[in-house]
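Undergrad: Below is the file target03.pdb, with PDB, C-alpha atoms.
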ATOM      1  CA  MET A   1      -8.497  -1.350 -16.830
ATOM      2  CA  ARG A   2      -8.978  -0.877 -13.126
ATOM      3  CA  GLN A   3      -5.802  -0.733 -11.086
ATOM      4  CA  ILE A   4      -4.629  -0.114  -7.580
ATOM      5  CA  GLU A   5      -1.240   1.530  -7.472
ATOM      6  CA  VAL A   6       0.860   1.347  -4.326
ATOM      7  CA  ILE A   7       3.938   3.522  -4.047
ATOM      8  CA  VAL A   8       6.222   2.307  -1.277
ATOM      9  CA  MET A   9       8.514   5.122  -0.166
ATOM     10  CA  PRO A  10      12.154   4.465   0.763
ATOM     11  CA  ASP A  11      11.169   4.782   4.437
ATOM     12  CA  GLY A  12       8.336   2.254   4.091
ATOM     13  CA  GLN A  13       5.408   4.672   4.038
ATOM     14  CA  CYS A  14       2.803   3.824   1.402
ATOM     15  CA  ARG A  15       0.598   5.796  -0.928
ATOM     16  CA  VAL A  16      -2.349   3.800  -2.283
ATOM     17  CA  GLU A  17      -4.181   5.103  -5.350
ATOM     18  CA  THR A  18      -7.097   3.644  -7.269
ATOM     19  CA  LYS A  19      -7.355   4.198 -11.013
ATOM     20  CA  GLY A  20     -10.169   3.542 -13.446
ATOM     21  CA  PHE A  21     -12.915   3.301 -10.848
ATOM     22  CA  ALA A  22     -15.955   5.519 -10.728
ATOM     23  CA  GLY A  23     -17.646   6.535  -7.541
ATOM     24  CA  ALA A  24     -17.253   5.296  -4.012
ATOM     25  CA  ILE A  25     -16.502   1.723  -5.142
ATOM     26  CA  CYS A  26     -12.836   2.757  -5.423
ATOM     27  CA  GLU A  27     -12.549   2.993  -1.644
ATOM     28  CA  ALA A  28     -14.000  -0.478  -1.203
ATOM     29  CA  ALA A  29     -11.575  -1.800  -3.827
ATOM     30  CA  SER A  30      -8.465  -0.743  -1.941
ATOM     31  CA  ARG A  31      -9.781  -1.339   1.570
ATOM     32  CA  PHE A  32      -8.224  -4.812   1.756
ATOM     33  CA  LEU A  33      -4.807  -3.136   1.614
ATOM     34  CA  GLU A  34      -5.589  -0.206   3.870
ATOM     35  CA  ARG A  35      -6.783  -2.609   6.575
ATOM     36  CA  VAL A  36      -3.547  -4.555   6.757
ATOM     37  CA  LEU A  37      -0.695  -2.234   5.783
ATOM     38  CA  GLY A  38      -0.819  -0.006   8.838
ATOM     39  CA  LYS A  39      -2.271   3.260  10.040
ATOM     40  CA  CYS A  40      -4.029   5.595   7.619
ATOM     41  CA  THR A  41      -2.507   9.074   7.888
ATOM     42  CA  GLY A  42      -4.320  10.877   5.095
ATOM     43  CA  ARG A  43      -7.029  10.527   2.486
ATOM     44  CA  THR A  44      -7.868  12.654  -0.541
ATOM     45  CA  ARG A  45     -10.624  12.229  -3.104
ATOM     46  CA  THR A  46     -10.598  13.506  -6.660
ATOM     47  CA  SER A  47     -13.598  14.575  -8.736
ATOM     48  CA  GLU A  48     -13.644  11.062 -10.203
ATOM     49  CA  PHE A  49     -14.659   9.781  -6.802
ATOM     50  CA  TYR A  50     -17.870  11.810  -6.904
ATOM     51  CA  HIS A  51     -18.724  10.797 -10.456
ATOM     52  CA  THR A  52     -21.652   8.396 -10.577
ATOM     53  CA  ASP A  53     -21.376   5.618 -13.094
ATOM     54  CA  ALA A  54     -23.714   6.517 -15.964
ATOM     55  CA  ARG A  55     -25.031   2.954 -16.273
ATOM     56  CA  GLN A  56     -25.825   2.728 -12.575
ATOM     57  CA  GLU A  57     -27.668   6.002 -12.850
ATOM     58  CA  THR A  58     -29.665   4.812 -15.887
ATOM     59  CA  ARG A  59     -30.515   1.569 -14.133
ATOM     60  CA  THR A  60     -31.720   3.416 -11.082
ATOM     61  CA  ARG A  61     -33.882   5.666 -13.195
ATOM     62  CA  LEU A  62     -35.383   2.686 -15.000
ATOM     63  CA  ASP A  63     -36.066   0.987 -11.700
ATOM     64  CA  LEU A  64     -37.960   4.014 -10.551
ATOM     65  CA  LYS A  65     -40.404   3.799 -13.448
TER      66      LYS A  65
ATOM     67  CA  MET B   1     -23.106  11.203 -26.649
ATOM     68  CA  SER B   2     -19.628  12.602 -26.290
ATOM     69  CA  ASP B   3     -17.752  15.184 -28.313
ATOM     70  CA  VAL B   4     -14.353  14.730 -26.668
ATOM     71  CA  SER B   5     -11.504  15.049 -29.203
ATOM     72  CA  GLY B   6     -14.083  15.838 -31.858
ATOM     73  CA  VAL B   7     -15.440  12.272 -31.782
ATOM     74  CA  ARG B   8     -19.070  11.578 -31.120
ATOM     75  CA  LEU B   9     -19.749   8.172 -29.648
ATOM     76  CA  PRO B  10     -22.818   6.604 -28.080
ATOM     77  CA  VAL B  11     -21.237   6.493 -24.676
ATOM     78  CA  SER B  12     -21.249   8.898 -21.804
ATOM     79  CA  GLN B  13     -18.437  11.408 -21.692
ATOM     80  CA  HIS B  14     -17.263   9.832 -18.505
ATOM     81  CA  ALA B  15     -17.050   6.313 -19.900
ATOM     82  CA  PHE B  16     -15.308   7.600 -23.009
ATOM     83  CA  LEU B  17     -12.699   9.445 -21.007
ATOM     84  CA  ARG B  18     -12.118   6.361 -18.924
ATOM     85  CA  MET B  19     -11.577   4.247 -22.032
ATOM     86  CA  LYS B  20      -9.091   6.807 -23.297
ATOM     87  CA  GLY B  21      -7.249   6.570 -20.007
ATOM     88  CA  VAL B  22      -7.845  10.252 -19.360
ATOM     89  CA  LEU B  23      -9.761   9.626 -16.174
ATOM     90  CA  GLY B  24      -8.288   7.477 -13.523
ATOM     91  CA  LEU B  25      -7.243   8.559 -10.111
ATOM     92  CA  SER B  26     -10.227   8.573  -7.790
ATOM     93  CA  HIS B  27      -8.729   8.622  -4.331
ATOM     94  CA  THR B  28      -5.395   8.501  -2.560
ATOM     95  CA  VAL B  29      -4.617   7.122   0.877
ATOM     96  CA  THR B  30      -1.336   7.504   2.717
ATOM     97  CA  ILE B  31      -0.403   4.818   5.203
ATOM     98  CA  GLU B  32       2.196   4.568   7.928
ATOM     99  CA  THR B  33       3.395   0.985   7.668
ATOM    100  CA  GLN B  34       3.120  -1.242  10.738
ATOM    101  CA  ILE B  35       4.629  -4.719  10.960
ATOM    102  CA  ARG B  36       1.743  -7.018  11.872
ATOM    103  CA  ASP B  37       2.367 -10.091   9.712
ATOM    104  CA  LEU B  38       5.172 -12.480  10.601
ATOM    105  CA  VAL B  39       5.094 -14.228   7.199
ATOM    106  CA  ALA B  40       5.541 -10.896   5.409
ATOM    107  CA  LEU B  41       8.276  -9.929   7.895
ATOM    108  CA  ARG B  42      10.161 -13.136   7.092
ATOM    109  CA  ALA B  43       9.805 -12.412   3.371
ATOM    110  CA  ALA B  44      10.977  -8.839   3.948
ATOM    111  CA  CYS B  45      14.115 -10.089   5.698
ATOM    112  CA  ARG B  46      14.836 -12.413   2.761
ATOM    113  CA  ARG B  47      14.328  -9.523   0.338
ATOM    114  CA  ALA B  48      16.646  -7.265   2.361
ATOM    115  CA  GLY B  49      19.300  -9.980   2.753
ATOM    116  CA  LEU B  50      18.855 -10.142   6.537
ATOM    117  CA  GLU B  51      18.806 -13.115   8.888
ATOM    118  CA  GLN B  52      15.378 -14.492   9.706
ATOM    119  CA  PRO B  53      13.744 -12.921  12.765
ATOM    120  CA  GLN B  54      13.874 -14.930  15.986
ATOM    121  CA  GLN B  55      11.434 -14.665  18.845
ATOM    122  CA  GLU B  56      13.391 -13.770  21.943
ATOM    123  CA  THR B  57      13.789 -11.376  24.809
ATOM    124  CA  VAL B  58      16.712  -9.029  24.319
ATOM    125  CA  GLN B  59      18.351  -6.215  26.199
ATOM    126  CA  LEU B  60      18.129  -2.809  24.552
ATOM    127  CA  PHE B  61      19.776   0.265  26.046
ATOM    128  CA  SER B  62      16.482   1.431  27.501
ATOM    129  CA  GLY B  63      15.436  -1.959  28.851
ATOM    130  CA  GLN B  64      14.278  -5.402  27.881
ATOM    131  CA  ALA B  65      11.985  -6.109  24.943
ATOM    132  CA  THR B  66      10.344  -9.301  23.732
ATOM    133  CA  GLY B  67       9.295 -10.065  20.187
ATOM    134  CA  TYR B  68      10.666 -11.031  16.790
ATOM    135  CA  CYS B  69      14.190  -9.636  16.608
ATOM    136  CA  VAL B  70      15.765  -8.463  13.373
ATOM    137  CA  ARG B  71      19.495  -7.772  13.264
ATOM    138  CA  LEU B  72      20.251  -4.845  10.979
ATOM    139  CA  PRO B  73      23.760  -4.278   9.578
ATOM    140  CA  GLN B  74      25.978  -2.205  11.897
ATOM    141  CA  TRP B  75      23.228  -1.808  14.498
ATOM    142  CA  ARG B  76      24.255  -2.177  18.126
ATOM    143  CA  TYR B  77      20.856  -3.503  19.227
ATOM    144  CA  PRO B  78      18.303  -5.569  17.335
ATOM    145  CA  VAL B  79      14.956  -4.216  16.184
ATOM    146  CA  VAL B  80      12.201  -5.947  18.143
ATOM    147  CA  CYS B  81       8.908  -6.369  16.282
ATOM    148  CA  ASP B  82       5.627  -7.203  17.977
ATOM    149  CA  PRO B  83       3.220  -8.298  15.218
ATOM    150  CA  GLN B  84       0.355  -8.495  17.733
ATOM    151  CA  ASN B  85       0.104  -4.736  18.005
ATOM    152  CA  GLY B  86       2.306  -3.521  15.175
ATOM    153  CA  THR B  87       4.895  -1.860  17.389
ATOM    154  CA  ILE B  88       8.666  -1.967  17.001
ATOM    155  CA  HIS B  89      11.255  -1.273  19.692
ATOM    156  CA  PHE B  90      14.785  -0.158  18.955
ATOM    157  CA  ASP B  91      17.609   1.994  20.295
ATOM    158  CA  ASN B  92      19.795   3.547  17.626
ATOM    159  CA  TYR B  93      20.593   6.765  19.528
ATOM    160  CA  GLY B  94      19.585   9.067  16.696
ATOM    161  CA  GLY B  95      21.681   7.160  14.175
ATOM    162  CA  ARG B  96      24.852   6.817  16.304
ATOM    163  CA  TRP B  97      24.139   3.163  17.082
ATOM    164  CA  GLY B  98      22.654   2.282  13.709
ATOM    165  CA  GLU B  99      21.752   4.042  10.481
ATOM    166  CA  GLN B 100      18.078   4.926  10.138
ATOM    167  CA  ARG B 101      18.158   3.973   6.460
ATOM    168  CA  GLN B 102      18.713   0.331   7.404
ATOM    169  CA  LEU B 103      15.449   0.318   9.339
ATOM    170  CA  ASP B 104      13.748   2.236   6.513
ATOM    171  CA  ARG B 105      14.918  -0.438   4.081
ATOM    172  CA  LEU B 106      13.351  -3.157   6.251
ATOM    173  CA  MET B 107      10.073  -1.227   6.435
ATOM    174  CA  GLN B 108      10.035  -0.723   2.666
ATOM    175  CA  ALA B 109      10.711  -4.424   2.086
ATOM    176  CA  TYR B 110       7.923  -5.334   4.517
ATOM    177  CA  ALA B 111       5.358  -3.002   2.908
ATOM    178  CA  THR B 112       6.256  -4.366  -0.526
ATOM    179  CA  GLU B 113       5.958  -8.016   0.491
ATOM    180  CA  LYS B 114       2.755  -7.425   2.449
ATOM    181  CA  THR B 115       1.138  -5.656  -0.510
ATOM    182  CA  LEU B 116       2.120  -8.462  -2.906
ATOM    183  CA  PHE B 117       0.827 -11.125  -0.484
ATOM    184  CA  GLU B 118      -2.505  -9.402  -0.070
ATOM    185  CA  ALA B 119      -2.913  -8.815  -3.799
ATOM    186  CA  HIS B 120      -2.254 -12.463  -4.577
ATOM    187  CA  LYS B 121      -4.604 -13.528  -1.786
ATOM    188  CA  GLN B 122      -7.347 -11.587  -3.569
ATOM    189  CA  GLY B 123      -6.461 -13.330  -6.835
ATOM    190  CA  TYR B 124      -5.061 -10.190  -8.457
ATOM    191  CA  ALA B 125      -1.934 -10.046 -10.581
ATOM    192  CA  ALA B 126       0.646  -7.513  -9.466
ATOM    193  CA  THR B 127       3.750  -6.027 -11.016
ATOM    194  CA  GLU B 128       6.684  -4.406  -9.265
ATOM    195  CA  GLN B 129       8.947  -1.640 -10.479
ATOM    196  CA  THR B 130      11.800   0.038  -8.618
ATOM    197  CA  LEU B 131      11.917   3.728  -9.472
ATOM    198  CA  SER B 132      15.113   5.732  -9.879
ATOM    199  CA  ASP B 133      14.506   7.654  -6.648
ATOM    200  CA  GLY B 134      14.297   4.474  -4.569
ATOM    201  CA  ARG B 135      10.530   4.207  -4.364
ATOM    202  CA  ILE B 136       8.861   0.920  -5.319
ATOM    203  CA  LYS B 137       5.795   1.044  -7.517
ATOM    204  CA  LEU B 138       3.383  -1.880  -7.243
ATOM    205  CA  THR B 139       0.561  -2.069  -9.756
ATOM    206  CA  ILE B 140      -2.328  -4.371  -8.873
ATOM    207  CA  HIS B 141      -4.506  -5.323 -11.812
ATOM    208  CA  VAL B 142      -8.067  -5.555 -10.602
ATOM    209  CA  GLY B 143      -9.479  -6.240 -14.053
ATOM    210  CA  GLU B 144     -11.961  -4.748 -16.447
ATOM    211  CA  GLU B 145     -15.183  -3.228 -15.275
ATOM    212  CA  LEU B 146     -18.103  -5.639 -15.509
TER     213      LEU B 146
END
Do you think you could lay out the structure here as structure tokens?

TA:
Amino acid sequence: MRQIEVIVMPDGQCRVETKGFAGAICEAASRFLERVLGKCTGRTRTSEFYHTDARQETRTRLDLK
Amino acid sequence: MSDVSGVRLPVSQHAFLRMKGVLGLSHTVTIETQIRDLVALRAACRRAGLEQPQQETVQLFSGQATGYCVRLPQWRYPVVCDPQNGTIHFDNYGGRWGEQRQLDRLMQAYATEKTLFEAHKQGYAATEQTLSDGRIKLTIHVGEEL
């Protein structure tokens, strides 16, 4: 299950996290919130962000043949 | 093939871990909330038990300000919100003319309502949970991977 988790701090600051996504698609998934909530003050990426979806990779390899 | 937890399955290790819920967090963004949506501001005032904001020009200690004014409990001057540029004007004299936590509560209510509005606009279901330390956790269900 893919989820976006938003933690709203008692002072109104937000932390947006994406869960269950692979690769850079996670940033696109949460962009609709980042655009409208306010000013981005920090961004961190985990190793999951850099993990290419295995099926995408297979498809790309097949396309190359 | 994967040998995680001693199980061998015809899926990549990555996909298997994701199914097990082991993988998940891929990036984190921190955001300083800005009030830019009047509809969400109105909903935030309802949530916080405040009067609805009125557009007016008011006198603050430091001068006049025009925008949508929110009256916070025990505050000497209103908080003036300008949704056009996301700025707010207020004079609380470091807490002497109004407790900061009242403004924080408004900002938290706004961020919560704005997030829920945007999630619903995208057609996503969202759940809300108030945590014991006062934070609000919103979970937006984007759905299964295609």

Undergrad: Within 9 Å of chain A, which residues of chain B show up when using only C-alpha atoms, listed as a PyMOL selection string?

TA: chain B and resi 12+14-15+18-19+21+23-37+86+100-101+103-112+114-115+118-119+122+133-145

Undergrad: Emit the selected residues as a PDB file, in the frame of the given file, including C-alpha atoms.

TA:
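Contents of the output file part_4.pdb:
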ATOM      1  CA  SER B  12     -21.249   8.898 -21.804  1.00  0.00           C
ATOM      2  CA  HIS B  14     -17.263   9.832 -18.505  1.00  0.00           C
ATOM      3  CA  ALA B  15     -17.050   6.313 -19.900  1.00  0.00           C
ATOM      4  CA  ARG B  18     -12.118   6.361 -18.924  1.00  0.00           C
ATOM      5  CA  MET B  19     -11.577   4.247 -22.032  1.00  0.00           C
ATOM      6  CA  GLY B  21      -7.249   6.570 -20.007  1.00  0.00           C
ATOM      7  CA  LEU B  23      -9.761   9.626 -16.174  1.00  0.00           C
ATOM      8  CA  GLY B  24      -8.288   7.477 -13.523  1.00  0.00           C
ATOM      9  CA  LEU B  25      -7.243   8.559 -10.111  1.00  0.00           C
ATOM     10  CA  SER B  26     -10.227   8.573  -7.790  1.00  0.00           C
ATOM     11  CA  HIS B  27      -8.729   8.622  -4.331  1.00  0.00           C
ATOM     12  CA  THR B  28      -5.395   8.501  -2.560  1.00  0.00           C
ATOM     13  CA  VAL B  29      -4.617   7.122   0.877  1.00  0.00           C
ATOM     14  CA  THR B  30      -1.336   7.504   2.717  1.00  0.00           C
ATOM     15  CA  ILE B  31      -0.403   4.818   5.203  1.00  0.00           C
ATOM     16  CA  GLU B  32       2.196   4.568   7.928  1.00  0.00           C
ATOM     17  CA  THR B  33       3.395   0.985   7.668  1.00  0.00           C
ATOM     18  CA  GLN B  34       3.120  -1.242  10.738  1.00  0.00           C
ATOM     19  CA  ILE B  35       4.629  -4.719  10.960  1.00  0.00           C
ATOM     20  CA  ARG B  36       1.743  -7.018  11.872  1.00  0.00           C
ATOM     21  CA  ASP B  37       2.367 -10.091   9.712  1.00  0.00           C
ATOM     22  CA  GLY B  86       2.306  -3.521  15.175  1.00  0.00           C
ATOM     23  CA  GLN B 100      18.078   4.926  10.138  1.00  0.00           C
ATOM     24  CA  ARG B 101      18.158   3.973   6.460  1.00  0.00           C
ATOM     25  CA  LEU B 103      15.449   0.318   9.339  1.00  0.00           C
ATOM     26  CA  ASP B 104      13.748   2.236   6.513  1.00  0.00           C
ATOM     27  CA  ARG B 105      14.918  -0.438   4.081  1.00  0.00           C
ATOM     28  CA  LEU B 106      13.351  -3.157   6.251  1.00  0.00           C
ATOM     29  CA  MET B 107      10.073  -1.227   6.435  1.00  0.00           C
ATOM     30  CA  GLN B 108      10.035  -0.723   2.666  1.00  0.00           C
ATOM     31  CA  ALA B 109      10.711  -4.424   2.086  1.00  0.00           C
ATOM     32  CA  TYR B 110       7.923  -5.334   4.517  1.00  0.00           C
ATOM     33  CA  ALA B 111       5.358  -3.002   2.908  1.00  0.00           C
ATOM     34  CA  THR B 112       6.256  -4.366  -0.526  1.00  0.00           C
ATOM     35  CA  LYS B 114       2.755  -7.425   2.449  1.00  0.00           C
ATOM     36  CA  THR B 115       1.138  -5.656  -0.510  1.00  0.00           C
ATOM     37  CA  GLU B 118      -2.505  -9.402  -0.070  1.00  0.00           C
ATOM     38  CA  ALA B 119      -2.913  -8.815  -3.799  1.00  0.00           C
ATOM     39  CA  GLN B 122      -7.347 -11.587  -3.569  1.00  0.00           C
ATOM     40  CA  ASP B 133      14.506   7.654  -6.648  1.00  0.00           C
ATOM     41  CA  GLY B 134      14.297   4.474  -4.569  1.00  0.00           C
ATOM     42  CA  ARG B 135      10.530   4.207  -4.364  1.00  0.00           C
ATOM     43  CA  ILE B 136       8.861   0.920  -5.319  1.00  0.00           C
ATOM     44  CA  LYS B 137       5.795   1.044  -7.517  1.00  0.00           C
ATOM     45  CA  LEU B 138       3.383  -1.880  -7.243  1.00  0.00           C
ATOM     46  CA  THR B 139       0.561  -2.069  -9.756  1.00  0.00           C
ATOM     47  CA  ILE B 140      -2.328  -4.371  -8.873  1.00  0.00           C
ATOM     48  CA  HIS B 141      -4.506  -5.323 -11.812  1.00  0.00           C
ATOM     49  CA  VAL B 142      -8.067  -5.555 -10.602  1.00  0.00           C
ATOM     50  CA  GLY B 143      -9.479  -6.240 -14.053  1.00  0.00           C
ATOM     51  CA  GLU B 144     -11.961  -4.748 -16.447  1.00  0.00           C
ATOM     52  CA  GLU B 145     -15.183  -3.228 -15.275  1.00  0.00           C
TER      53      GLU B 145
END

Undergrad: Measure the distance from CA of Tyr68 (chain B) to CA of Gly123 (chain B) in Å and round it to one decimal.

TA: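 So the answer is 29.3 Å.
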
Undergrad: Write out as a list of chain:residue names the residues lying within 10 Å of region 51-57 of chain B, counting only C-alpha atoms and excluding same-chain residues fewer than 2 positions away.

TA: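 Surrounding residues, per the criterion: B:Leu38, B:Leu41, B:Arg42, B:Ala43, B:Ala44, B:Cys45, B:Arg46, B:Ala48, B:Gly49, B:Gln59, B:Leu60, B:Gln64, B:Ala65, B:Thr66, B:Gly67, B:Tyr68, B:Cys69, B:Val70, B:Arg71, B:Leu72, B:Pro78, B:Val79, B:Val80, B:Cys81, B:Asp82.
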
Undergrad: Please, could you write that set of residues out with C-alpha atoms as an mmCIF file, in the coordinates of the input?

TA:
data_model
loop_
_atom_site.group_PDB
_atom_site.id
_atom_site.type_symbol
_atom_site.label_atom_id
_atom_site.label_comp_id
_atom_site.auth_asym_id
_atom_site.auth_seq_id
_atom_site.Cartn_x
_atom_site.Cartn_y
_atom_site.Cartn_z
ATOM 1 C CA LEU B 38 5.172 -12.480 10.601
ATOM 2 C CA LEU B 41 8.276 -9.929 7.895
ATOM 3 C CA ARG B 42 10.161 -13.136 7.092
ATOM 4 C CA ALA B 43 9.805 -12.412 3.371
ATOM 5 C CA ALA B 44 10.977 -8.839 3.948
ATOM 6 C CA CYS B 45 14.115 -10.089 5.698
ATOM 7 C CA ARG B 46 14.836 -12.413 2.761
ATOM 8 C CA ALA B 48 16.646 -7.265 2.361
ATOM 9 C CA GLY B 49 19.300 -9.980 2.753
ATOM 10 C CA GLN B 59 18.351 -6.215 26.199
ATOM 11 C CA LEU B 60 18.129 -2.809 24.552
ATOM 12 C CA GLN B 64 14.278 -5.402 27.881
ATOM 13 C CA ALA B 65 11.985 -6.109 24.943
ATOM 14 C CA THR B 66 10.344 -9.301 23.732
ATOM 15 C CA GLY B 67 9.295 -10.065 20.187
ATOM 16 C CA TYR B 68 10.666 -11.031 16.790
ATOM 17 C CA CYS B 69 14.190 -9.636 16.608
ATOM 18 C CA VAL B 70 15.765 -8.463 13.373
ATOM 19 C CA ARG B 71 19.495 -7.772 13.264
ATOM 20 C CA LEU B 72 20.251 -4.845 10.979
ATOM 21 C CA PRO B 78 18.303 -5.569 17.335
ATOM 22 C CA VAL B 79 14.956 -4.216 16.184
ATOM 23 C CA VAL B 80 12.201 -5.947 18.143
ATOM 24 C CA CYS B 81 8.908 -6.369 16.282
ATOM 25 C CA ASP B 82 5.627 -7.203 17.977
#

Undergrad: For CA of Phe61 (chain B) and CA of Tyr77 (chain B), determine how far apart the two atoms are, in Å to one decimal place.

TA: 7.9 Å

Undergrad: Can you tell me how far CA of Asn92 (chain B) sits from CA of Leu50 (chain B), in Å to one decimal?

TA: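 One can read the CA of Asn92 (chain B) to CA of Leu50 (chain B) distance as 17.6 Å.
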
Undergrad: Would you give the centre and edge lengths, in Å to one decimal, of a box along x, y and z around the listed atoms of region 26-34 of chain B, with 8 Å added to each side, as JSON?

TA:
{"center_x": -3.4, "center_y": 3.7, "center_z": 1.5, "size_x": 29.6, "size_y": 25.9, "size_z": 34.5}
